[in-house]
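Working notes, structure below.
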Amino acid sequence: MIVGIDLGTSNSLVAFINREGKAEIIINERGSRLTPSVVYFKNEQEVMVGELARSQLILKADRTISSIKRQMGTNYQVEIGERGYTPPEISGLILRKLLQYAQEYLEQEITAAVVTVPAYFNDNQRQATLLAGEMAGIKILKLLNEPTAAALAYGVNREKKENILVLDIGGGTFDITLMEYQDEVCQVLCIGGSSQLGGLDFDKQLVKHILETFKMSNGIDLSADPIALQQIHINAEKAKVDLSSVNECSVLVPYITMGTQGPVHLNQTLRREEFNHICSYLFKEISELIEQTFTRAGVSKEWVEAVVLAGGASRMPGFKDLVKQLFPGVELRVEINPDEVVALGAALEGGMLSGELSHIETHDVTGHTLGVEDNQGEFVSLIPANTPYPISESRLFTTVNDFQEEVIIHILQQDELGDAGEGINVSLGKFHLENIQKAKAGEPSIDVTFTIDENGILNVSALDIETGTQKEIQITETGYVDGNKIPARRGRDLIIL
Ligand SMILES: Nc1ncnc2c1ncn2[C@@H]1O[C@H](COP(=O)(O)OP(=O)(O)OP(=O)(O)O)[C@@H](O)[C@H]1O
Ligand SMILES: [Mg+2]
């Protein structure tokens, strides 16, 4: 059995293919379909994951970790007591819990899974996710892009080709995917979005507003009070969710602080229009990201025949209105619960990999332009963004100085930013190719090959054609040494910075 896992910023889910050949969400020990992606370290030995951990967010904030997905692929570490934990370690604990639910429910050992990632996740973030799987003791057979999983869950139109736009806005990420879907093939044309924009940002904006309103009416600043802040945060999210179904709601936290006259309560009323106004810059950002993706894809918005919505934050009426405004008259697909659609798609992919279901080919594209830095410090592209993968591309380079014995290959990712489309370069790593042919500058031929595998993972190799000297690396930002649990930077031994 290969299960499908949606490892989300806010919530994670695990699904499988049932006897009828349908994807089904596995219920956790509390009878819920969603498990909060929250980890609480009660002590060195006892770790809680899910709802139990979430309930510790207020009182045990220093030992409780949420939204770790936003830190995947970075060198960030969470300090708990004496020890630092890497994002893959924390995500590994969440994965392990989901596997436990699956094993109990299915009464069998589970050793393999399809795990979803935002389409916009870069190499470091994907590597970190694979590492999380390793730490949970599971083989991740495929890293499936979340929007592609959502499209799979909606099935294939066998009669005619359909042009689909998937908008997936969860707790922490916003993915935009344009795809053509026909027969047994789902071809992604272009992706865009941000791995730093989601429901959480709406919560933060609302928290800011609540704090300002409270300060204005009570003259008390709660921003330095961590317990009050956590309570406001939880209530702000609740208010945001309420405002998706009602026009007005209240944010109520009794005894939030002590004033000169005794206890003070927080009691505010919020209207939907007010919420939309407070978060207008976020809606604007969403709209700009969509426009940018269409510009990059080189297609007009009329190209879209159906919009698939995924992610809990897509329930916000302001989000739906924006989509209707951008794509007037286009069919909105919302029949499948947006919280579950990605996990269901992941289970379907698992079923296809195990041979239980007939195969639907999915062709994804890269989210970022990848290349190397030349001697002038300029970016040289090897694989442009939106290239279908798996793919392998090579380019020849040469030396700058006479009798140079080594070259340094600096691997870069270029991200487009702003209206002018100016690029910003992110370093993915550097490595040395030594013992190259000793020759005059410009004579050696060094072949640099970038390969992106079916999981979107980059492998780089460099070959001195004359001497046959070769070096190959997989870029790994975060690593882990098992046993003594010292966070390490595996893979970096090959990269000299
Ligand atoms: N009815 C609703 N109205 C508005 N927002 C909602 C609603 N239901 C859930 N959300 C928000 O959706 C977000 C969680 O969505 P989801 O579970 O799809 O995210 P995730 O998969 O954990 O995150 P990501 O996909 O970004 O990694 C939270 O910010 C939550 O507040
Ligand atoms: Mg999600």
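Ordering of the structure tokens sets the chain letters (A, B, ...); residue numbers start at 1 within each chain; ligands are numbered from 1 in the order shown.
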
For range 393-449 of chain A against range 371-380 of chain A, with a cut-off of 6 Å and counting only C-alpha atoms, what is the closest atom pair and its distance in Å to one decimal for every residue that makes the cut, ordered by chain and number, as CSV?
```
residue,atom,partner,partner_atom,distance
A:His410,CA,A:Val372,CA,5.4
A:Ile411,CA,A:Val372,CA,4.6
A:Leu412,CA,A:Val372,CA,5.3
```

Per residue of range 320-360 of chain A within 6 Å of range 307-313 of chain A, record the nearest atom pair and its distance in Å to one decimal, counting only C-alpha atoms, with rows in chain order and ascending residue number, as CSV.
```
residue,atom,partner,partner_atom,distance
A:Leu332,CA,A:Val307,CA,4.9
A:Arg333,CA,A:Val308,CA,4.7
A:Val334,CA,A:Leu309,CA,5.9
A:Pro338,CA,A:Ala310,CA,4.3
A:Asp339,CA,A:Gly311,CA,5.2
```

Could those residues be written to a file, using N, CA and C atoms, as a PDB file, in the first residue's frame?
```pdb
ATOM      1  N   LEU A 332     -16.147  27.373 -11.723  1.00  0.00           N
ATOM      2  CA  LEU A 332     -15.301  27.202 -10.527  1.00  0.00           C
ATOM      3  C   LEU A 332     -15.521  25.800  -9.991  1.00  0.00           C
ATOM      4  N   ARG A 333     -14.468  24.992  -9.897  1.00  0.00           N
ATOM      5  CA  ARG A 333     -14.632  23.625  -9.372  1.00  0.00           C
ATOM      6  C   ARG A 333     -14.327  23.621  -7.879  1.00  0.00           C
ATOM      7  N   VAL A 334     -15.379  23.404  -7.117  1.00  0.00           N
ATOM      8  CA  VAL A 334     -15.221  23.446  -5.657  1.00  0.00           C
ATOM      9  C   VAL A 334     -15.904  22.256  -4.978  1.00  0.00           C
ATOM     10  N   PRO A 338     -11.795  21.617  -0.301  1.00  0.00           N
ATOM     11  CA  PRO A 338     -10.466  22.149  -0.650  1.00  0.00           C
ATOM     12  C   PRO A 338      -9.358  21.756   0.329  1.00  0.00           C
ATOM     13  N   ASP A 339      -9.750  21.362   1.558  1.00  0.00           N
ATOM     14  CA  ASP A 339      -8.741  20.906   2.530  1.00  0.00           C
ATOM     15  C   ASP A 339      -8.208  19.525   2.164  1.00  0.00           C
TER      16      ASP A 339
END
```

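Among A:Ile58, A:Ile290, A:Ala136, A:Val114, the residue with the shortest atom-to-atom distance to Ala347 in chain A, counting only C-alpha atoms, is A:Val114.
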
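One finds CA of Val78 in chain A at 22.1 Å from CA of Asp203 in chain A.
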
As a ChimeraX atom specification, please: every residue in range 96-249 of chain A that a backbone DSSP assignment puts in strand (DSSP E). /A:112-117,139-145,162-169,174-182,185-194,248-249

Nearby residues (only C-alpha atoms) at most 8 Å from range 359-365 of chain A, same-chain spacing under 5 positions excluded, as a list in words: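 In the requested format, the answer is Asn145, Thr148, Glu184, Val185, Cys186, Gln187, Val188, Leu189, Cys190, Ile191, Met352, Leu353, Ala385, Asn386, Thr387, Pro388 and Tyr389 of chain A.
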
Preceding selection exported with N, CA, C and O atoms as a PDB file, in the first residue's frame:
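Once everything was written out, this is again-v8.pdb:
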```pdb
ATOM      1  N   ASN A 145       3.568  17.611  -6.992  1.00  0.00           N
ATOM      2  CA  ASN A 145       3.192  19.011  -6.800  1.00  0.00           C
ATOM      3  C   ASN A 145       1.725  19.108  -6.371  1.00  0.00           C
ATOM      4  O   ASN A 145       0.856  18.432  -6.936  1.00  0.00           O
ATOM      5  N   THR A 148      -1.006  19.734  -8.957  1.00  0.00           N
ATOM      6  CA  THR A 148      -1.159  18.587  -9.852  1.00  0.00           C
ATOM      7  C   THR A 148      -1.983  17.512  -9.140  1.00  0.00           C
ATOM      8  O   THR A 148      -2.859  16.877  -9.743  1.00  0.00           O
ATOM      9  N   GLU A 184      -5.148  10.531 -20.880  1.00  0.00           N
ATOM     10  CA  GLU A 184      -4.412  10.078 -19.700  1.00  0.00           C
ATOM     11  C   GLU A 184      -3.230  10.984 -19.385  1.00  0.00           C
ATOM     12  O   GLU A 184      -2.301  10.574 -18.726  1.00  0.00           O
ATOM     13  N   VAL A 185      -3.282  12.206 -19.908  1.00  0.00           N
ATOM     14  CA  VAL A 185      -2.121  13.083 -19.705  1.00  0.00           C
ATOM     15  C   VAL A 185      -2.521  14.419 -19.088  1.00  0.00           C
ATOM     16  O   VAL A 185      -3.478  15.061 -19.509  1.00  0.00           O
ATOM     17  N   CYS A 186      -1.778  14.798 -18.071  1.00  0.00           N
ATOM     18  CA  CYS A 186      -1.990  16.090 -17.437  1.00  0.00           C
ATOM     19  C   CYS A 186      -0.680  16.873 -17.626  1.00  0.00           C
ATOM     20  O   CYS A 186       0.346  16.531 -17.049  1.00  0.00           O
ATOM     21  N   GLN A 187      -0.731  17.861 -18.506  1.00  0.00           N
ATOM     22  CA  GLN A 187       0.486  18.591 -18.870  1.00  0.00           C
ATOM     23  C   GLN A 187       0.479  19.981 -18.230  1.00  0.00           C
ATOM     24  O   GLN A 187      -0.371  20.807 -18.551  1.00  0.00           O
ATOM     25  N   VAL A 188       1.412  20.211 -17.326  1.00  0.00           N
ATOM     26  CA  VAL A 188       1.495  21.535 -16.704  1.00  0.00           C
ATOM     27  C   VAL A 188       2.219  22.467 -17.669  1.00  0.00           C
ATOM     28  O   VAL A 188       3.232  22.101 -18.260  1.00  0.00           O
ATOM     29  N   LEU A 189       1.669  23.667 -17.857  1.00  0.00           N
ATOM     30  CA  LEU A 189       2.293  24.613 -18.784  1.00  0.00           C
ATOM     31  C   LEU A 189       3.136  25.646 -18.050  1.00  0.00           C
ATOM     32  O   LEU A 189       4.197  26.039 -18.500  1.00  0.00           O
ATOM     33  N   CYS A 190       2.636  26.098 -16.925  1.00  0.00           N
ATOM     34  CA  CYS A 190       3.335  27.180 -16.244  1.00  0.00           C
ATOM     35  C   CYS A 190       2.910  27.214 -14.782  1.00  0.00           C
ATOM     36  O   CYS A 190       1.756  26.919 -14.468  1.00  0.00           O
ATOM     37  N   ILE A 191       3.871  27.524 -13.931  1.00  0.00           N
ATOM     38  CA  ILE A 191       3.502  27.671 -12.525  1.00  0.00           C
ATOM     39  C   ILE A 191       3.982  29.013 -11.985  1.00  0.00           C
ATOM     40  O   ILE A 191       4.907  29.614 -12.508  1.00  0.00           O
ATOM     41  N   MET A 352      -1.635   4.705  -8.514  1.00  0.00           N
ATOM     42  CA  MET A 352      -1.096   4.507  -9.870  1.00  0.00           C
ATOM     43  C   MET A 352       0.292   3.893  -9.803  1.00  0.00           C
ATOM     44  O   MET A 352       0.645   3.020 -10.584  1.00  0.00           O
ATOM     45  N   LEU A 353       1.091   4.353  -8.819  1.00  0.00           N
ATOM     46  CA  LEU A 353       2.454   3.823  -8.696  1.00  0.00           C
ATOM     47  C   LEU A 353       2.444   2.348  -8.278  1.00  0.00           C
ATOM     48  O   LEU A 353       3.290   1.581  -8.708  1.00  0.00           O
ATOM     49  N   ALA A 385      12.886  28.566 -16.055  1.00  0.00           N
ATOM     50  CA  ALA A 385      11.656  28.246 -15.324  1.00  0.00           C
ATOM     51  C   ALA A 385      10.620  27.736 -16.322  1.00  0.00           C
ATOM     52  O   ALA A 385      10.663  28.090 -17.498  1.00  0.00           O
ATOM     53  N   ASN A 386       9.697  26.912 -15.834  1.00  0.00           N
ATOM     54  CA  ASN A 386       8.619  26.356 -16.644  1.00  0.00           C
ATOM     55  C   ASN A 386       9.086  25.392 -17.728  1.00  0.00           C
ATOM     56  O   ASN A 386       8.461  25.273 -18.773  1.00  0.00           O
ATOM     57  N   THR A 387      10.202  24.708 -17.449  1.00  0.00           N
ATOM     58  CA  THR A 387      10.663  23.642 -18.347  1.00  0.00           C
ATOM     59  C   THR A 387      10.102  22.316 -17.806  1.00  0.00           C
ATOM     60  O   THR A 387      10.217  22.057 -16.609  1.00  0.00           O
ATOM     61  N   PRO A 388       9.476  21.508 -18.683  1.00  0.00           N
ATOM     62  CA  PRO A 388       8.972  20.219 -18.187  1.00  0.00           C
ATOM     63  C   PRO A 388      10.119  19.341 -17.676  1.00  0.00           C
ATOM     64  O   PRO A 388      11.212  19.356 -18.258  1.00  0.00           O
ATOM     65  N   TYR A 389       9.883  18.640 -16.577  1.00  0.00           N
ATOM     66  CA  TYR A 389      10.900  17.729 -16.074  1.00  0.00           C
ATOM     67  C   TYR A 389      10.308  16.341 -15.901  1.00  0.00           C
ATOM     68  O   TYR A 389       9.105  16.237 -15.827  1.00  0.00           O
TER      69      TYR A 389
END
```

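When only C-alpha atoms and all ligand atoms are used to measure the gap to ligand 2, the shortest distance among A:Met1, A:Ile457, A:Val117, A:Leu289 belongs to A:Val117.
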
For a quick check of understanding, using only C-alpha atoms, which of A:Val330, A:Leu59, A:Ala151, A:Val115 has the smallest distance to Gln182 in chain A?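 Among the listed residues, the smallest separation from Gln182 in chain A belongs to A:Ala151.
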
Using only C-alpha atoms and all ligand atoms, determine which residues fall within 9 Å of ligand 2, then list them as a list in words.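 Sorted by chain and then by number, the residues are Asp6, Leu7, Gly8, Thr9, Ser10, Asn11, Ser12, Thr116, Val117, Pro118, Glu146, Asp168, Ile169, Gly170, Gly171, Gly172, Thr173, Phe174, Ala310, Gly311, Gly312, Pro338, Asp339, Glu340, Val341, Val342 and Ala343 of chain A.
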
Output C-alpha atoms for every residue in the selection just made, as a compact mmCIF listing (two decimals), in the first residue's frame.
```txt
# COMPACT_ATOMS: atom_id res chain seq x y z
CA ASP A 6 -0.43 16.24 2.16
CA LEU A 7 2.20 17.70 4.48
CA GLY A 8 0.67 21.14 4.94
CA THR A 9 1.74 24.31 6.71
CA SER A 10 -1.35 24.28 8.94
CA ASN A 11 -2.79 20.81 8.50
CA SER A 12 -1.60 17.47 7.26
CA THR A 116 2.94 16.57 -1.88
CA VAL A 117 4.89 19.83 -2.06
CA PRO A 118 3.94 23.27 -3.35
CA GLU A 146 0.13 20.02 -4.78
CA ASP A 168 -4.15 26.41 -4.19
CA ILE A 169 -4.03 28.73 -1.20
CA GLY A 170 -3.39 26.96 2.08
CA GLY A 171 -2.00 28.13 5.39
CA GLY A 172 1.41 29.17 4.16
CA THR A 173 1.68 28.89 0.41
CA PHE A 174 -0.06 30.03 -2.75
CA ALA A 310 -7.71 24.02 -3.35
CA GLY A 311 -6.52 24.92 0.15
CA GLY A 312 -8.59 26.06 3.13
CA PRO A 338 -10.47 22.15 -0.65
CA ASP A 339 -8.74 20.91 2.53
CA GLU A 340 -8.74 17.34 1.26
CA VAL A 341 -8.33 17.58 -2.49
CA VAL A 342 -4.50 17.49 -2.43
CA ALA A 343 -4.27 14.44 -0.14
```

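Nearest to ligand 1 of all the residues A:Leu348, A:Val407, A:Val241, A:Val3 is A:Val241, counting only C-alpha atoms and all ligand atoms.
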
Nearest-residue call for Leu93 in chain A, choices A:Phe403, A:Tyr76, A:Phe41, A:Tyr120, using only C-alpha atoms: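 Under the stated criterion, the closest residue is A:Phe41.
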
From the list A:Lys301, A:Gln325, A:Asn122, A:Gln56, which residue is nearest Ser427 in chain A when using only C-alpha atoms?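 Looking only at the distances to Ser427 in chain A, the closest residue turns out to be A:Asn122.
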
What's around Ile65 in chain A at 10 Å? Count only C-alpha atoms, leave out sequence neighbours fewer than 2 positions away in its own chain, and write the answer as an MDAnalysis selection string. chainID A and resid 37:41 49 53:54 56:57 60:63 67:68 78 80 87 90

Any chance you can output those residues with N, CA and C atoms as a JSON list (two decimals), in the first residue's frame?
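Final output, part.json:
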```json
[["chain", "number", "residue", "atom", "x", "y", "z"],
["A", 37, "SER", "N", -0.50, 20.58, 11.78],
["A", 37, "SER", "CA", 0.94, 20.36, 11.63],
["A", 37, "SER", "C", 1.67, 21.07, 12.77],
["A", 38, "VAL", "N", 1.38, 20.63, 13.98],
["A", 38, "VAL", "CA", 1.95, 21.28, 15.17],
["A", 38, "VAL", "C", 2.62, 20.19, 16.02],
["A", 39, "VAL", "N", 3.80, 20.52, 16.56],
["A", 39, "VAL", "CA", 4.56, 19.56, 17.37],
["A", 39, "VAL", "C", 4.85, 20.19, 18.73],
["A", 40, "TYR", "N", 4.57, 19.45, 19.78],
["A", 40, "TYR", "CA", 4.83, 19.93, 21.15],
["A", 40, "TYR", "C", 5.82, 18.99, 21.82],
["A", 41, "PHE", "N", 6.93, 19.55, 22.29],
["A", 41, "PHE", "CA", 7.94, 18.75, 22.99],
["A", 41, "PHE", "C", 7.66, 18.84, 24.48],
["A", 49, "VAL", "N", 1.95, 15.40, 18.61],
["A", 49, "VAL", "CA", 1.74, 15.96, 17.28],
["A", 49, "VAL", "C", 0.24, 16.10, 17.06],
["A", 53, "ALA", "N", -1.00, 18.92, 20.44],
["A", 53, "ALA", "CA", 0.11, 19.88, 20.40],
["A", 53, "ALA", "C", -0.44, 21.29, 20.20],
["A", 54, "ARG", "N", -1.46, 21.41, 19.33],
["A", 54, "ARG", "CA", -2.00, 22.74, 19.06],
["A", 54, "ARG", "C", -2.58, 23.37, 20.32],
["A", 56, "GLN", "N", -1.39, 23.33, 23.08],
["A", 56, "GLN", "CA", -0.32, 23.84, 23.95],
["A", 56, "GLN", "C", 0.26, 25.16, 23.43],
["A", 57, "LEU", "N", -0.24, 25.60, 22.27],
["A", 57, "LEU", "CA", 0.36, 26.78, 21.63],
["A", 57, "LEU", "C", 0.37, 28.01, 22.52],
["A", 60, "LYS", "N", 2.41, 26.77, 26.33],
["A", 60, "LYS", "CA", 3.75, 26.18, 26.17],
["A", 60, "LYS", "C", 4.33, 26.62, 24.83],
["A", 61, "ALA", "N", 4.20, 27.91, 24.57],
["A", 61, "ALA", "CA", 4.61, 28.43, 23.26],
["A", 61, "ALA", "C", 6.08, 28.14, 22.96],
["A", 62, "ASP", "N", 6.93, 28.15, 23.99],
["A", 62, "ASP", "CA", 8.37, 27.94, 23.74],
["A", 62, "ASP", "C", 8.73, 26.49, 23.44],
["A", 63, "ARG", "N", 7.78, 25.58, 23.63],
["A", 63, "ARG", "CA", 8.07, 24.17, 23.33],
["A", 63, "ARG", "C", 7.15, 23.63, 22.23],
["A", 67, "SER", "N", 3.69, 25.75, 11.78],
["A", 67, "SER", "CA", 4.06, 26.31, 10.46],
["A", 67, "SER", "C", 5.52, 26.06, 10.08],
["A", 68, "ILE", "N", 6.05, 24.90, 10.42],
["A", 68, "ILE", "CA", 7.48, 24.61, 10.13],
["A", 68, "ILE", "C", 7.74, 24.53, 8.62],
["A", 78, "VAL", "N", 14.99, 25.24, 15.45],
["A", 78, "VAL", "CA", 14.16, 25.61, 16.59],
["A", 78, "VAL", "C", 14.90, 25.13, 17.83],
["A", 80, "ILE", "N", 14.77, 23.94, 21.46],
["A", 80, "ILE", "CA", 13.87, 23.45, 22.51],
["A", 80, "ILE", "C", 14.78, 22.93, 23.61],
["A", 87, "PRO", "N", 14.09, 21.91, 10.45],
["A", 87, "PRO", "CA", 12.74, 21.76, 9.89],
["A", 87, "PRO", "C", 12.45, 20.33, 9.40],
["A", 90, "ILE", "N", 11.38, 18.22, 12.37],
["A", 90, "ILE", "CA", 10.02, 18.51, 12.85],
["A", 90, "ILE", "C", 8.99, 17.93, 11.87]]
```

Residues within 10 Å of Thr293 in chain A, only C-alpha atoms, excluding chain neighbours under 6 positions, as a PyMOL selection string: chain A and resi 176-178+190-193+299

Thr399 in chain A environment, 10 Å, only C-alpha atoms, sequence neighbours closer than 2 positions dropped, as a tab-separated table (two decimals) with all heavy atoms, in the first residue's frame:
```tsv
chain	number	residue	atom	x	y	z
A	375	ASN	N	32.44	34.07	-14.67
A	375	ASN	CA	33.54	34.79	-14.02
A	375	ASN	C	33.26	36.28	-13.85
A	375	ASN	O	33.90	36.96	-13.06
A	375	ASN	CB	34.84	34.57	-14.79
A	375	ASN	CG	34.75	35.14	-16.19
A	375	ASN	OD1	33.77	34.90	-16.89
A	375	ASN	ND2	35.73	35.90	-16.59
A	397	PHE	N	31.81	25.08	-20.57
A	397	PHE	CA	32.49	26.24	-19.99
A	397	PHE	C	33.98	26.04	-20.16
A	397	PHE	O	34.45	24.92	-20.46
A	397	PHE	CB	32.15	26.35	-18.49
A	397	PHE	CG	30.72	26.74	-18.26
A	397	PHE	CD1	29.71	25.78	-18.22
A	397	PHE	CD2	30.37	28.08	-18.09
A	397	PHE	CE1	28.38	26.13	-18.02
A	397	PHE	CE2	29.04	28.44	-17.89
A	397	PHE	CZ	28.06	27.47	-17.85
A	401	ASN	N	42.01	31.59	-16.53
A	401	ASN	CA	43.45	31.82	-16.39
A	401	ASN	C	44.25	30.69	-17.02
A	401	ASN	O	43.76	29.56	-17.11
A	401	ASN	CB	43.83	31.89	-14.90
A	401	ASN	CG	43.06	33.01	-14.21
A	401	ASN	OD1	42.95	34.13	-14.71
A	401	ASN	ND2	42.49	32.68	-13.06
A	402	ASP	N	45.50	31.02	-17.41
A	402	ASP	CA	46.39	29.98	-17.94
A	402	ASP	C	46.71	28.98	-16.84
A	402	ASP	O	46.92	29.36	-15.69
A	402	ASP	CB	47.71	30.61	-18.43
A	402	ASP	CG	47.50	31.42	-19.70
A	402	ASP	OD1	46.44	31.23	-20.34
A	402	ASP	OD2	48.36	32.26	-20.03
A	403	PHE	N	46.78	27.74	-17.20
A	403	PHE	CA	47.19	26.62	-16.31
A	403	PHE	C	46.38	26.56	-15.01
A	403	PHE	O	46.89	26.20	-13.97
A	403	PHE	CB	48.70	26.68	-16.04
A	403	PHE	CG	49.47	26.81	-17.32
A	403	PHE	CD1	50.16	27.97	-17.63
A	403	PHE	CD2	49.43	25.76	-18.24
A	403	PHE	CE1	50.82	28.09	-18.85
A	403	PHE	CE2	50.10	25.89	-19.46
A	403	PHE	CZ	50.79	27.05	-19.77
A	404	GLN	N	45.17	26.93	-15.12
A	404	GLN	CA	44.24	26.82	-13.99
A	404	GLN	C	44.03	25.33	-13.66
A	404	GLN	O	43.89	24.52	-14.58
A	404	GLN	CB	42.91	27.44	-14.44
A	404	GLN	CG	42.01	27.89	-13.36
A	404	GLN	CD	40.80	28.61	-13.94
A	404	GLN	OE1	40.94	29.43	-14.86
A	404	GLN	NE2	39.63	28.30	-13.43
A	405	GLU	N	44.09	24.99	-12.37
A	405	GLU	CA	43.97	23.56	-12.03
A	405	GLU	C	42.58	23.16	-11.54
A	405	GLU	O	42.27	21.98	-11.41
A	405	GLU	CB	45.00	23.20	-10.96
A	405	GLU	CG	46.38	23.09	-11.55
A	405	GLU	CD	47.43	22.72	-10.55
A	405	GLU	OE1	47.10	22.07	-9.54
A	405	GLU	OE2	48.59	23.11	-10.77
A	406	GLU	N	41.81	24.18	-11.22
A	406	GLU	CA	40.46	23.85	-10.75
A	406	GLU	C	39.49	24.95	-11.15
A	406	GLU	O	39.91	26.08	-11.44
A	406	GLU	CB	40.44	23.67	-9.22
A	406	GLU	CG	40.80	24.92	-8.46
A	406	GLU	CD	40.46	24.83	-6.98
A	406	GLU	OE1	40.29	23.72	-6.46
A	406	GLU	OE2	40.34	25.91	-6.37
A	407	VAL	N	38.23	24.60	-11.19
A	407	VAL	CA	37.19	25.61	-11.42
A	407	VAL	C	36.17	25.50	-10.29
A	407	VAL	O	35.96	24.43	-9.73
A	407	VAL	CB	36.46	25.44	-12.77
A	407	VAL	CG1	37.30	25.89	-13.92
A	407	VAL	CG2	35.96	24.02	-12.96
A	436	ILE	N	41.89	19.58	-13.36
A	436	ILE	CA	41.47	19.70	-14.76
A	436	ILE	C	42.71	19.82	-15.64
A	436	ILE	O	43.82	20.04	-15.14
A	436	ILE	CB	40.51	20.89	-14.96
A	436	ILE	CG1	41.17	22.22	-14.52
A	436	ILE	CG2	39.20	20.68	-14.25
A	436	ILE	CD1	40.39	23.44	-14.89
A	437	GLN	N	42.50	19.70	-16.92
A	437	GLN	CA	43.61	19.76	-17.88
A	437	GLN	C	44.36	21.08	-17.71
A	437	GLN	O	43.76	22.15	-17.74
A	437	GLN	CB	43.00	19.69	-19.29
A	437	GLN	CG	44.00	19.79	-20.39
A	437	GLN	CD	43.34	20.28	-21.70
A	437	GLN	OE1	42.16	20.59	-21.74
A	437	GLN	NE2	44.14	20.35	-22.74
A	438	LYS	N	45.72	20.98	-17.52
A	438	LYS	CA	46.50	22.22	-17.39
A	438	LYS	C	46.73	22.75	-18.80
A	438	LYS	O	47.43	22.14	-19.60
A	438	LYS	CB	47.83	21.92	-16.70
A	438	LYS	CG	47.67	21.79	-15.21
A	438	LYS	CD	49.01	21.68	-14.52
A	438	LYS	CE	48.83	20.98	-13.19
A	438	LYS	NZ	49.86	20.06	-12.85
A	439	ALA	N	46.13	23.87	-19.08
A	439	ALA	CA	46.24	24.39	-20.45
A	439	ALA	C	46.05	25.90	-20.43
A	439	ALA	O	45.74	26.47	-19.38
A	439	ALA	CB	45.18	23.74	-21.33
A	440	LYS	N	46.25	26.51	-21.56
A	440	LYS	CA	46.06	27.96	-21.67
A	440	LYS	C	44.58	28.28	-21.41
A	440	LYS	O	43.71	27.45	-21.66
A	440	LYS	CB	46.42	28.41	-23.09
A	440	LYS	CG	47.90	28.39	-23.37
A	440	LYS	CD	48.27	29.67	-24.10
A	440	LYS	CE	49.76	29.83	-24.18
A	440	LYS	NZ	50.33	30.90	-23.54
A	441	ALA	N	44.37	29.50	-20.94
A	441	ALA	CA	43.00	29.94	-20.67
A	441	ALA	C	42.14	29.74	-21.91
A	441	ALA	O	42.59	30.03	-23.03
A	441	ALA	CB	43.00	31.41	-20.27
A	442	GLY	N	40.96	29.23	-21.72
A	442	GLY	CA	40.04	29.08	-22.84
A	442	GLY	C	40.16	27.76	-23.57
A	442	GLY	O	39.33	27.44	-24.41
A	443	GLU	N	41.21	26.98	-23.27
A	443	GLU	CA	41.38	25.71	-23.99
A	443	GLU	C	40.57	24.55	-23.40
A	443	GLU	O	39.93	23.81	-24.14
A	443	GLU	CB	42.86	25.33	-24.08
A	443	GLU	CG	43.55	26.07	-25.21
A	443	GLU	CD	45.01	25.71	-25.34
A	443	GLU	OE1	45.46	24.78	-24.65
A	443	GLU	OE2	45.69	26.38	-26.14
A	444	PRO	N	40.59	24.37	-22.06
A	444	PRO	CA	39.83	23.22	-21.53
A	444	PRO	C	38.33	23.33	-21.82
A	444	PRO	O	37.80	24.44	-21.93
A	444	PRO	CB	40.08	23.29	-20.01
A	444	PRO	CG	41.30	24.13	-19.86
A	444	PRO	CD	41.26	25.12	-20.99
A	445	SER	N	37.72	22.17	-21.96
A	445	SER	CA	36.26	22.14	-22.15
A	445	SER	C	35.64	21.47	-20.94
A	445	SER	O	35.89	20.29	-20.69
A	445	SER	CB	35.90	21.32	-23.38
A	445	SER	OG	36.31	22.00	-24.52
A	446	ILE	N	34.88	22.25	-20.22
A	446	ILE	CA	34.23	21.70	-19.03
A	446	ILE	C	32.73	21.66	-19.26
A	446	ILE	O	32.10	22.69	-19.49
A	446	ILE	CB	34.62	22.51	-17.78
A	446	ILE	CG1	36.13	22.30	-17.54
A	446	ILE	CG2	33.83	22.06	-16.55
A	446	ILE	CD1	36.79	23.43	-16.88
```

Considering only C-alpha atoms, tabulate each residue of range 130-241 of chain A that lies at most 12 Å from range 15-36 of chain A along with its nearest interatomic pair and the corresponding distance in Å to one decimal; arrange the rows by chain and ascending residue number and present them as a Markdown table.
```
| residue | atom | partner | partner_atom | distance |
| --- | --- | --- | --- | --- |
| A:Ala149 | CA | A:Ala23 | CA | 11.8 |
| A:Leu152 | CA | A:Ala23 | CA | 10.8 |
| A:Ala153 | CA | A:Ala23 | CA | 8.3 |
| A:Tyr154 | CA | A:Ala23 | CA | 11.3 |
| A:Gly155 | CA | A:Lys22 | CA | 11.4 |
| A:Gly171 | CA | A:Pro36 | CA | 10.9 |
```

When you look at Val448 in chain A with a cut-off of 12 Å (counting only C-alpha atoms), what residues show up, excluding the ones that are within fewer than 5 positions of it in the same chain? I need them as a PyMOL selection string. chain A and resi 371-373+380-383+392-398+407-411+431+433+459-465+469-473
